[in-house]
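Source file: structure_15.cif; contents: mmCIF, C-alpha atoms and all ligand atoms.
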```cif
data_model
loop_
_atom_site.label_atom_id
_atom_site.label_comp_id
_atom_site.auth_asym_id
_atom_site.auth_seq_id
_atom_site.Cartn_x
_atom_site.Cartn_y
_atom_site.Cartn_z
CA MET A 16 4.95 -21.76 2.16
CA ASP A 17 4.67 -19.07 4.78
CA GLN A 18 1.87 -16.55 4.92
CA ALA A 19 3.98 -13.72 3.51
CA ALA A 20 5.14 -15.72 0.53
CA ARG A 21 1.59 -16.84 -0.19
CA LEU A 22 0.20 -13.32 0.01
CA ARG A 23 2.93 -12.12 -2.29
CA ARG A 24 2.43 -14.84 -4.86
CA LEU A 25 -1.29 -14.18 -4.98
CA ALA A 26 -0.89 -10.43 -5.09
CA LEU A 27 1.32 -10.78 -8.13
CA SER A 28 -0.49 -13.63 -9.83
CA PRO A 29 -2.44 -12.92 -12.95
CA GLN A 30 -6.05 -13.87 -12.64
CA LYS A 31 -7.41 -17.12 -13.93
CA PRO A 32 -8.33 -16.99 -17.59
CA GLN A 33 -11.94 -16.10 -18.17
CA PRO A 34 -14.32 -16.66 -21.07
CA LEU A 35 -14.11 -13.83 -23.56
CA GLU A 36 -17.57 -12.39 -23.04
CA LYS A 37 -16.88 -12.00 -19.35
CA THR A 38 -13.69 -10.02 -19.69
CA LYS A 39 -15.33 -6.89 -21.07
CA ILE A 40 -16.40 -4.97 -17.99
CA LYS A 41 -14.21 -4.81 -14.98
CA SER A 42 -14.69 -2.86 -11.82
CA ARG A 43 -11.85 -0.91 -10.26
CA ILE A 44 -11.46 -2.44 -6.81
CA ILE A 45 -9.99 -0.27 -4.10
CA THR A 46 -9.34 -1.31 -0.51
CA VAL A 47 -9.57 1.60 1.92
CA THR A 48 -7.54 1.13 5.07
CA SER A 49 -5.53 2.88 7.77
CA GLY A 50 -2.89 2.14 10.35
CA LYS A 51 -4.83 3.60 13.25
CA GLY A 52 -8.55 3.25 13.87
CA GLY A 53 -11.00 6.14 13.95
CA VAL A 54 -9.16 8.22 11.36
CA GLY A 55 -12.18 8.49 9.05
CA LYS A 56 -12.22 5.45 6.74
CA THR A 57 -15.93 4.81 6.88
CA ASN A 58 -16.81 8.46 6.44
CA LEU A 59 -14.50 8.63 3.48
CA VAL A 60 -15.93 5.52 1.85
CA VAL A 61 -19.51 6.75 2.20
CA ASN A 62 -18.88 10.29 1.02
CA LEU A 63 -16.37 9.38 -1.68
CA SER A 64 -18.83 6.89 -3.13
CA LEU A 65 -21.40 9.67 -3.45
CA ALA A 66 -18.87 12.08 -4.91
CA LEU A 67 -17.87 9.46 -7.48
CA ALA A 68 -21.55 8.96 -8.28
CA GLN A 69 -21.78 12.71 -8.92
CA PHE A 70 -19.03 12.20 -11.49
CA GLY A 71 -21.29 9.68 -13.20
CA LYS A 72 -19.63 6.54 -11.84
CA ARG A 73 -21.55 3.55 -10.62
CA VAL A 74 -20.20 2.65 -7.22
CA ALA A 75 -20.56 -0.29 -4.87
CA ILE A 76 -19.22 -0.42 -1.35
CA LEU A 77 -18.37 -3.50 0.61
CA ASP A 78 -18.39 -3.36 4.38
CA ALA A 79 -15.40 -5.50 5.24
CA ASP A 80 -14.63 -4.16 8.69
CA LEU A 81 -15.35 -7.40 10.44
CA GLY A 82 -15.01 -5.92 13.90
CA LEU A 83 -16.82 -2.61 13.55
CA ALA A 84 -19.01 -2.86 10.49
CA ASN A 85 -20.91 0.42 10.48
CA LEU A 86 -21.28 1.58 6.90
CA ASP A 87 -24.99 0.87 7.17
CA VAL A 88 -25.30 3.02 10.28
CA MET A 89 -23.65 5.90 8.49
CA LEU A 90 -25.88 5.53 5.50
CA GLY A 91 -28.95 5.28 7.71
CA VAL A 92 -29.97 1.94 6.25
CA VAL A 93 -30.74 -1.30 8.04
CA PRO A 94 -29.53 -4.37 6.19
CA ARG A 95 -31.71 -7.39 6.67
CA TYR A 96 -29.14 -9.77 5.31
CA THR A 97 -25.37 -9.85 4.97
CA LEU A 98 -22.82 -11.85 3.06
CA TYR A 99 -23.23 -14.40 5.80
CA ASP A 100 -26.61 -15.31 4.30
CA VAL A 101 -24.99 -15.65 0.89
CA VAL A 102 -22.32 -17.90 2.30
CA ARG A 103 -24.99 -19.99 4.01
CA GLY A 104 -26.76 -20.27 0.67
CA ARG A 105 -29.90 -18.56 1.96
CA LYS A 106 -29.69 -15.48 -0.27
CA ASN A 107 -27.94 -14.43 -3.43
CA LEU A 108 -25.89 -11.31 -3.84
CA ALA A 109 -28.69 -9.29 -5.40
CA GLU A 110 -30.88 -10.02 -2.40
CA ILE A 111 -28.42 -8.70 0.16
CA ALA A 112 -27.39 -5.63 -1.84
CA ILE A 113 -28.97 -2.41 -0.65
CA LYS A 114 -29.55 0.50 -2.98
CA GLY A 115 -28.30 3.55 -1.12
CA PRO A 116 -28.45 7.23 -2.06
CA ALA A 117 -27.41 8.15 -5.62
CA GLY A 118 -27.71 4.52 -6.63
CA VAL A 119 -24.69 3.49 -4.58
CA ILE A 120 -24.86 -0.22 -3.83
CA LEU A 121 -24.06 -1.34 -0.31
CA LEU A 122 -22.94 -4.89 0.37
CA PRO A 123 -23.12 -5.62 4.08
CA GLY A 124 -20.20 -7.90 4.85
CA GLY A 125 -20.50 -8.75 8.50
CA SER A 126 -19.08 -11.93 9.86
CA GLY A 127 -19.88 -13.83 6.67
CA LEU A 128 -16.77 -12.72 4.88
CA THR A 129 -14.16 -14.99 6.39
CA GLU A 130 -16.51 -17.92 6.06
CA LEU A 131 -16.15 -17.64 2.31
CA ALA A 132 -13.08 -19.78 2.78
CA ASP A 133 -15.26 -22.68 3.95
CA LEU A 134 -17.59 -22.69 0.96
CA SER A 135 -17.88 -25.77 -1.14
CA GLU A 136 -16.45 -25.50 -4.62
CA GLU A 137 -19.93 -25.50 -6.10
CA LYS A 138 -21.25 -22.72 -3.89
CA ARG A 139 -18.17 -20.68 -4.46
CA ARG A 140 -18.60 -20.92 -8.18
CA ALA A 141 -22.19 -19.75 -7.79
CA LEU A 142 -21.00 -16.78 -5.77
CA ILE A 143 -18.33 -15.91 -8.31
CA ASN A 144 -21.00 -15.98 -11.00
CA ASP A 145 -23.07 -13.70 -8.82
CA LEU A 146 -20.16 -11.33 -8.49
CA GLN A 147 -19.99 -11.07 -12.24
CA LEU A 148 -23.43 -9.50 -12.06
CA LEU A 149 -22.20 -6.96 -9.55
CA GLU A 150 -19.30 -6.21 -11.82
CA ASP A 151 -21.75 -5.25 -14.52
CA MET A 152 -23.38 -2.82 -12.10
CA ALA A 153 -20.33 -1.06 -10.64
CA ASP A 154 -17.45 0.84 -12.20
CA ILE A 155 -15.75 1.21 -8.86
CA ILE A 156 -15.92 -0.95 -5.75
CA LEU A 157 -14.73 0.55 -2.49
CA ILE A 158 -13.93 -1.78 0.38
CA ASP A 159 -14.12 -0.39 3.89
CA THR A 160 -11.79 -2.40 6.13
CA GLY A 161 -10.62 -2.29 9.69
CA ALA A 162 -7.38 -0.64 10.75
CA GLY A 163 -3.96 -2.09 11.37
CA LEU A 164 -2.05 -5.19 10.49
CA SER A 165 -4.57 -7.98 10.70
CA ARG A 166 -4.38 -10.88 8.31
CA THR A 167 -7.87 -10.14 7.00
CA VAL A 168 -7.08 -6.53 6.19
CA LEU A 169 -3.81 -7.48 4.51
CA SER A 170 -5.55 -10.05 2.36
CA PHE A 171 -8.02 -7.39 1.17
CA VAL A 172 -5.05 -5.17 0.39
CA ALA A 173 -3.39 -7.97 -1.58
CA ALA A 174 -6.53 -9.01 -3.43
CA ALA A 175 -7.68 -5.53 -4.55
CA ASP A 176 -6.34 -3.60 -7.53
CA GLU A 177 -5.41 -0.61 -5.44
CA MET A 178 -5.10 0.51 -1.88
CA LEU A 179 -6.16 3.79 -0.39
CA MET A 180 -4.41 4.67 2.85
CA ILE A 181 -5.95 7.26 5.09
CA THR A 182 -4.23 8.99 7.97
CA THR A 183 -4.57 12.11 10.07
CA PRO A 184 -1.65 14.47 10.78
CA GLU A 185 -1.30 12.94 14.27
CA PRO A 186 2.16 11.38 14.68
CA THR A 187 0.67 8.11 15.98
CA ALA A 188 -1.61 7.82 12.94
CA ILE A 189 1.27 8.56 10.55
CA CYS A 190 3.46 6.04 12.30
CA ASP A 191 0.81 3.32 12.10
CA ALA A 192 0.12 4.14 8.44
CA TYR A 193 3.83 3.76 7.75
CA GLY A 194 3.76 0.39 9.54
CA VAL A 195 1.05 -0.95 7.24
CA ILE A 196 2.75 0.44 4.13
CA LYS A 197 6.01 -1.15 5.25
CA VAL A 198 4.45 -4.62 5.44
CA THR A 199 2.66 -4.00 2.14
CA ALA A 200 5.93 -3.06 0.48
CA ARG A 201 8.07 -5.77 2.06
CA GLN A 202 5.59 -8.51 1.20
CA GLN A 203 4.88 -6.95 -2.20
CA LEU A 204 1.16 -7.09 -1.56
CA GLN A 205 0.29 -3.99 -3.50
CA GLN A 206 2.12 -1.67 -5.86
CA LYS A 207 -0.43 1.05 -5.99
CA ILE A 208 -0.98 3.06 -2.83
CA ASN A 209 -3.07 6.21 -2.79
CA LEU A 210 -2.91 8.52 0.20
CA ILE A 211 -5.45 10.83 1.83
CA VAL A 212 -4.82 12.98 4.89
CA ASN A 213 -7.96 13.56 6.92
CA GLN A 214 -8.82 16.02 9.69
CA VAL A 215 -6.31 18.69 8.74
CA LYS A 216 -6.36 22.31 9.89
CA ASN A 217 -5.66 23.54 6.39
CA ALA A 218 -4.39 22.36 3.01
CA ARG A 219 -0.83 23.07 4.02
CA GLU A 220 -0.97 20.70 6.96
CA GLY A 221 -2.32 18.02 4.64
CA LYS A 222 0.42 18.54 2.11
CA GLU A 223 3.16 18.55 4.74
CA THR A 224 1.85 15.39 6.39
CA ALA A 225 1.63 13.65 3.03
CA GLU A 226 5.12 14.73 2.05
CA ARG A 227 6.60 13.46 5.29
CA LEU A 228 5.05 10.06 4.87
CA MET A 229 5.85 9.91 1.17
CA ARG A 230 9.48 10.80 1.75
CA ALA A 231 9.86 8.06 4.35
CA CYS A 232 8.18 5.50 2.10
CA GLU A 233 10.36 6.40 -0.84
CA LYS A 234 13.58 6.47 1.11
CA PHE A 235 13.18 3.36 3.24
CA LEU A 236 10.70 1.23 1.31
CA GLN A 237 11.26 2.37 -2.29
CA MET A 238 7.52 2.81 -2.40
CA GLU A 239 5.95 5.73 -4.20
CA LEU A 240 2.59 6.93 -2.91
CA GLN A 241 0.05 8.91 -4.87
CA PHE A 242 -1.33 11.79 -2.78
CA LEU A 243 -5.01 12.31 -3.60
CA GLY A 244 -5.63 15.24 -1.30
CA GLU A 245 -6.66 16.31 2.17
CA ILE A 246 -9.92 16.65 4.04
CA CYS A 247 -10.38 19.46 6.52
CA SER A 248 -11.36 18.85 10.07
CA ASP A 249 -14.95 19.97 9.95
CA GLN A 250 -17.50 19.74 12.76
CA ARG A 251 -20.23 19.08 10.23
CA VAL A 252 -18.71 15.64 9.66
CA ALA A 253 -19.60 14.60 13.21
CA MET A 254 -22.98 16.38 12.95
CA ALA A 255 -23.82 14.38 9.83
CA VAL A 256 -22.72 11.14 11.48
CA LYS A 257 -25.16 11.84 14.30
CA GLN A 258 -27.94 12.26 11.77
CA GLN A 259 -26.86 9.11 9.95
CA GLN A 260 -26.43 10.95 6.71
CA PRO A 261 -23.39 11.53 4.52
CA PHE A 262 -21.97 15.03 5.05
CA ILE A 263 -21.66 15.48 1.31
CA THR A 264 -25.46 15.27 1.08
CA LEU A 265 -26.34 17.11 4.26
CA TYR A 266 -23.73 19.85 3.96
CA PRO A 267 -22.75 19.95 0.29
CA HIS A 268 -21.04 23.31 0.70
CA SER A 269 -18.92 22.36 3.69
CA ALA A 270 -15.15 22.35 3.38
CA ALA A 271 -15.07 18.57 3.88
CA ALA A 272 -17.57 18.02 1.05
CA GLU A 273 -15.54 20.27 -1.22
CA ASN A 274 -12.41 18.30 -0.37
CA VAL A 275 -14.01 14.92 -1.03
CA ARG A 276 -15.34 16.01 -4.43
CA ARG A 277 -11.86 17.15 -5.34
CA ILE A 278 -10.39 13.82 -4.18
CA ALA A 279 -12.95 11.96 -6.31
CA GLY A 280 -11.84 13.93 -9.37
CA THR A 281 -8.19 13.21 -8.63
CA LEU A 282 -8.86 9.51 -8.07
CA LEU A 283 -10.62 9.30 -11.42
CA ALA A 284 -7.71 11.03 -13.12
CA VAL A 285 -5.11 8.60 -11.74
CA PRO A 286 -4.23 6.12 -14.47
CA VAL A 287 -5.35 2.57 -13.68
CA GLU A 288 -2.89 -0.07 -14.81
CA LYS A 289 -4.49 -3.29 -13.72
CA LYS A 290 -8.09 -4.13 -13.20
CA ARG A 291 -8.17 -7.78 -12.40
CA GLY A 292 -11.90 -8.08 -11.96
CA LEU A 293 -14.21 -9.07 -9.16
CA PRO A 294 -14.17 -12.84 -9.60
CA GLY A 295 -10.37 -12.70 -9.62
CA PHE A 296 -10.50 -10.61 -6.48
CA LEU A 297 -12.69 -13.13 -4.69
CA TYR A 298 -10.58 -15.99 -5.96
CA ARG A 299 -7.45 -14.46 -4.47
CA LEU A 300 -9.20 -13.61 -1.23
CA VAL A 301 -10.45 -17.13 -0.67
CA GLN A 302 -7.04 -18.58 -1.55
CA LEU A 303 -5.49 -16.37 1.08
CA TRP A 304 -7.98 -17.33 3.74
CA GLU A 305 -8.38 -21.03 3.24
CA LYS A 306 -4.71 -21.95 3.36
CA GLY A 307 -3.90 -19.70 6.30
N1 LIG A 401 -12.87 15.41 8.43
C1 LIG A 401 -13.36 15.22 9.67
N2 LIG A 401 -13.64 16.28 10.46
C2 LIG A 401 -14.14 16.11 11.70
N3 LIG A 401 -14.37 14.91 12.24
C3 LIG A 401 -14.11 13.81 11.52
C4 LIG A 401 -13.59 13.90 10.19
N4 LIG A 401 -13.44 12.64 9.72
C5 LIG A 401 -13.82 11.80 10.70
N5 LIG A 401 -14.23 12.51 11.80
C6 LIG A 401 -14.72 11.97 13.07
O1 LIG A 401 -14.09 10.73 13.34
C7 LIG A 401 -15.07 9.75 13.61
C8 LIG A 401 -14.59 8.40 13.13
O2 LIG A 401 -14.69 8.33 11.75
P1 LIG A 401 -14.88 6.94 10.98
O3 LIG A 401 -15.10 7.27 9.57
O4 LIG A 401 -15.87 6.11 11.68
O5 LIG A 401 -13.42 6.32 11.21
P2 LIG A 401 -12.90 4.82 10.93
O6 LIG A 401 -13.84 4.18 9.96
O7 LIG A 401 -11.53 5.01 10.37
O8 LIG A 401 -12.88 4.14 12.24
C9 LIG A 401 -16.33 10.23 12.93
O9 LIG A 401 -17.48 9.75 13.54
C10 LIG A 401 -16.23 11.73 13.04
O10 LIG A 401 -16.79 12.16 14.23
MG MG A 402 -14.93 2.40 10.10
#
```
Let me see whether you can do it: turn the structure in this file into structure tokens.
Amino acid sequence: MDQAARLRRLALSPQKPQPLEKTKIKSRIITVTSGKGGVGKTNLVVNLSLALAQFGKRVAILDADLGLANLDVMLGVVPRYTLYDVVRGRKNLAEIAIKGPAGVILLPGGSGLTELADLSEEKRRALINDLQLLEDMADIILIDTGAGLSRTVLSFVAAADEMLMITTPEPTAICDAYGVIKVTARQQLQQKINLIVNQVKNAREGKETAERLMRACEKFLQMELQFLGEICSDQRVAMAVKQQQPFITLYPHSAAAENVRRIAGTLLAVPVEKKRGLPGFLYRLVQLWEKG
């Protein structure tokens, strides 16, 4: 079976049956990605997690940008361990998790992620059990990935319940976003794509950018996107990054903070059809990696 067919089968597959008592709580798992790099994924993940926490949600974030993992830098925390240590059997999930501001849980991914595919069956089962614990602690799990069409990013897209695409109004960014959505649609990796336009001059530019991309996706890919909103270009974003603090905390009254809170509200209002659960997510991810 080729890679595309495998991704598709897994994306569509129901999860393995689970014991009844474990099916109660399920986290909503959202992969955040973009076509082009540097469009604001990590900033969004950090600030959206805090905005969701303000709405009373328990949020965990997974740093899955294997090349440029920097969620920790933006949160001003220094992880001592990463998933790599879990994979090596040196730590369990609770020991690598960092409690960030507003109770947001950070899971440093680092290079350990792809090594999950090499775990022995026994260790993997232990990890999946561990993940069940995390599921009890988080209503929403946001996954910060790299940009573009790498196999790793696409497997996160396929394994998660939903995908959140972020772009700027720049034609190159829109074009690259379309490229990722095209592969997602063609390979049927994900049905649910949310869209955010970052670094806009004003709301109108955000809406127009979103409409352009949405029209193209509908017309050529028969793919309907859900527009969650725009985030203004705001110099306080870069200022907060320099201070290693989320802008929503440092500048709660900034336009960008306002925008992100609004996006959080919209995201929570979007109906969720399938929540396949964290163990199912990991199961699919490992399947995708080990047979590649
Ligand atoms: N809304 C915004 N307004 C101004 N600058 C922004 C905004 N969003 C992102 N940036 C700038 O872009 C940089 C890259 O953002 P980042 O979240 O690291 O992108 P990615 O994770 O997609 O590579 C940030 O450090 C910041 O300086
Ligand atoms: Mg990033």
Select the residues contacting ligand MG 402 (chain A) at a distance of at most 12 Å, based on only C-alpha atoms and all ligand atoms, then format the selection as number ranges by chain.
A: 47-49, 51-61, 77-89, 158-163, 181, 256
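Distances from A:Glu233, A:Gly104, A:Gly295, A:Gly50 to ligand LIG 401 (chain A) were compared using only C-alpha atoms and all ligand atoms, and the smallest one belongs to A:Gly50.
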Test item: axis-aligned box, all listed atoms of segment 253-263 of chain A, 3 Å on each side, centre and edges in Å rounded to one decimal, as lines of an AutoDock Vina configuration file:
```
center_x = -23.8
center_y = 12.7
center_z = 7.8
size_x = 14.3
size_y = 13.3
size_z = 19.0
```
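Distance annotation: of A:Leu157, A:Val212, A:Val287, A:Cys232, the residue with the minimal separation from ligand LIG 401 (chain A) is A:Val212; atom set is all atoms listed in the file.
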Residue with smallest distance to ligand LIG 401 (chain A) - pool A:Thr264, A:Ser165, A:Gln147, A:Asn62, counting all atoms listed in the file:
A:Asn62
Could you give me, as a PyMOL selection string, the residues within 10 Å of Ile76 of chain A, counting all atoms listed in the file and dropping anything in the same chain fewer than 4 positions from it?
chain A and resi 44-46+60-61+64+86+112-113+115+119-124+153+155-159
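Of the residues listed (A:Arg140, A:Glu150, A:Asp133, A:Arg201), A:Glu150 shows the shortest atom-to-atom separation from Leu293 of chain A; distances use all atoms listed in the file.
The residue that comes closest to ligand LIG 401 (chain A), out of A:Glu273, A:Glu223, A:Asp249, A:Asp176 and on the basis of all atoms listed in the file, is A:Asp249.
Here atom CA of Val92 of chain A is placed at a distance of 20.0 Å from atom N4 of ligand LIG 401 (chain A).
Nearest residue to ligand LIG 401 (chain A), choosing from A:Leu283, A:Ile208, A:Leu297, A:Ala188 and counting all atoms listed in the file: A:Ala188.
The gap separating atom CA of Leu134 of chain A from atom CA of Glu305 of chain A is 9.6 Å, in Å to one decimal.
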Contact residues around Asn209 of chain A with all atoms listed in the file at 8 Å, ignoring same-chain residues under 4 positions, as a ChimeraX atom specification:
/A:177-180,240-243
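If you count only C-alpha atoms and ignore residues fewer than 3 places along the chain from Ile278 of chain A, what sits within 9 Å of it is A:Leu63, A:Ala66, A:Ile211, A:Leu243, A:Gly244, A:Glu245, A:Ile246, A:Glu273, A:Asn274, A:Val275, A:Thr281, A:Leu282, A:Leu283.
Rounded to one decimal, atom CA of Trp304 of chain A and atom CA of Ala141 of chain A lie 18.5 Å from each other.
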Do you know which residues are at most 9 Å from Arg230 of chain A counting only C-alpha atoms, after dropping those on the same chain fewer than 5 positions away, and could you put them as a PDB file with C-alpha atoms, in the frame of the given file?
```pdb
ATOM      1  CA  ALA A 225       1.630  13.650   3.030  1.00  0.00           C
ATOM      2  CA  PHE A 235      13.180   3.360   3.240  1.00  0.00           C
ATOM      3  CA  GLU A 239       5.950   5.730  -4.200  1.00  0.00           C
TER       4      GLU A 239
END
```
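Near Ala272 of chain A, within 8 Å and counting all atoms listed in the file, sit Asn62, Phe262, Ile263, Tyr266, Pro267, His268, Ser269, Val275 and Arg276 of chain A, not including residues fewer than 3 positions from it in the same chain.
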Counting all atoms listed in the file, I want the residues whose atoms come within 10 Å of (-28.7, -10.3, -4.2) in the file frame, returned as number ranges by chain.
A: 96-98, 101, 106-113, 122, 145-146, 148-149
Mind completing segment 240-255 of chain A with N, CA and C atoms? Output as a short mmCIF file (atom, residue, chain, number, x, y, z; two decimals), in the coordinates of the input, please?
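Done, and the output landed in rebuild.cif:
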```cif
data_model
loop_
_atom_site.label_atom_id
_atom_site.label_comp_id
_atom_site.auth_asym_id
_atom_site.auth_seq_id
_atom_site.Cartn_x
_atom_site.Cartn_y
_atom_site.Cartn_z
N LEU A 240 4.02 6.77 -3.18
CA LEU A 240 2.59 6.93 -2.91
C LEU A 240 2.02 8.02 -3.82
N GLN A 241 0.74 7.89 -4.08
CA GLN A 241 0.05 8.91 -4.87
C GLN A 241 -0.85 9.70 -3.90
N PHE A 242 -0.53 10.96 -3.70
CA PHE A 242 -1.33 11.79 -2.78
C PHE A 242 -2.59 12.29 -3.49
N LEU A 243 -3.74 11.92 -2.95
CA LEU A 243 -5.01 12.31 -3.60
C LEU A 243 -5.57 13.61 -3.06
N GLY A 244 -5.13 14.00 -1.85
CA GLY A 244 -5.63 15.24 -1.30
C GLY A 244 -5.94 15.13 0.18
N GLU A 245 -6.38 16.26 0.73
CA GLU A 245 -6.66 16.31 2.17
C GLU A 245 -8.13 16.60 2.42
N ILE A 246 -8.56 16.30 3.62
CA ILE A 246 -9.92 16.65 4.04
C ILE A 246 -9.81 17.44 5.34
N CYS A 247 -10.44 18.61 5.35
CA CYS A 247 -10.38 19.46 6.52
C CYS A 247 -11.11 18.85 7.70
N SER A 248 -10.62 19.19 8.87
CA SER A 248 -11.36 18.85 10.07
C SER A 248 -12.57 19.78 10.10
N ASP A 249 -13.74 19.19 10.16
CA ASP A 249 -14.95 19.97 9.95
C ASP A 249 -16.03 19.42 10.89
N GLN A 250 -16.56 20.26 11.76
CA GLN A 250 -17.50 19.74 12.76
C GLN A 250 -18.78 19.20 12.13
N ARG A 251 -19.03 19.59 10.89
CA ARG A 251 -20.23 19.08 10.23
C ARG A 251 -20.13 17.59 9.88
N VAL A 252 -18.88 17.09 9.89
CA VAL A 252 -18.71 15.64 9.66
C VAL A 252 -19.38 14.89 10.82
N ALA A 253 -19.02 15.27 12.04
CA ALA A 253 -19.60 14.60 13.21
C ALA A 253 -21.11 14.85 13.30
N MET A 254 -21.53 16.06 12.91
CA MET A 254 -22.98 16.38 12.95
C MET A 254 -23.75 15.47 11.98
N ALA A 255 -23.16 15.25 10.82
CA ALA A 255 -23.82 14.38 9.83
C ALA A 255 -23.86 12.94 10.31
#
```
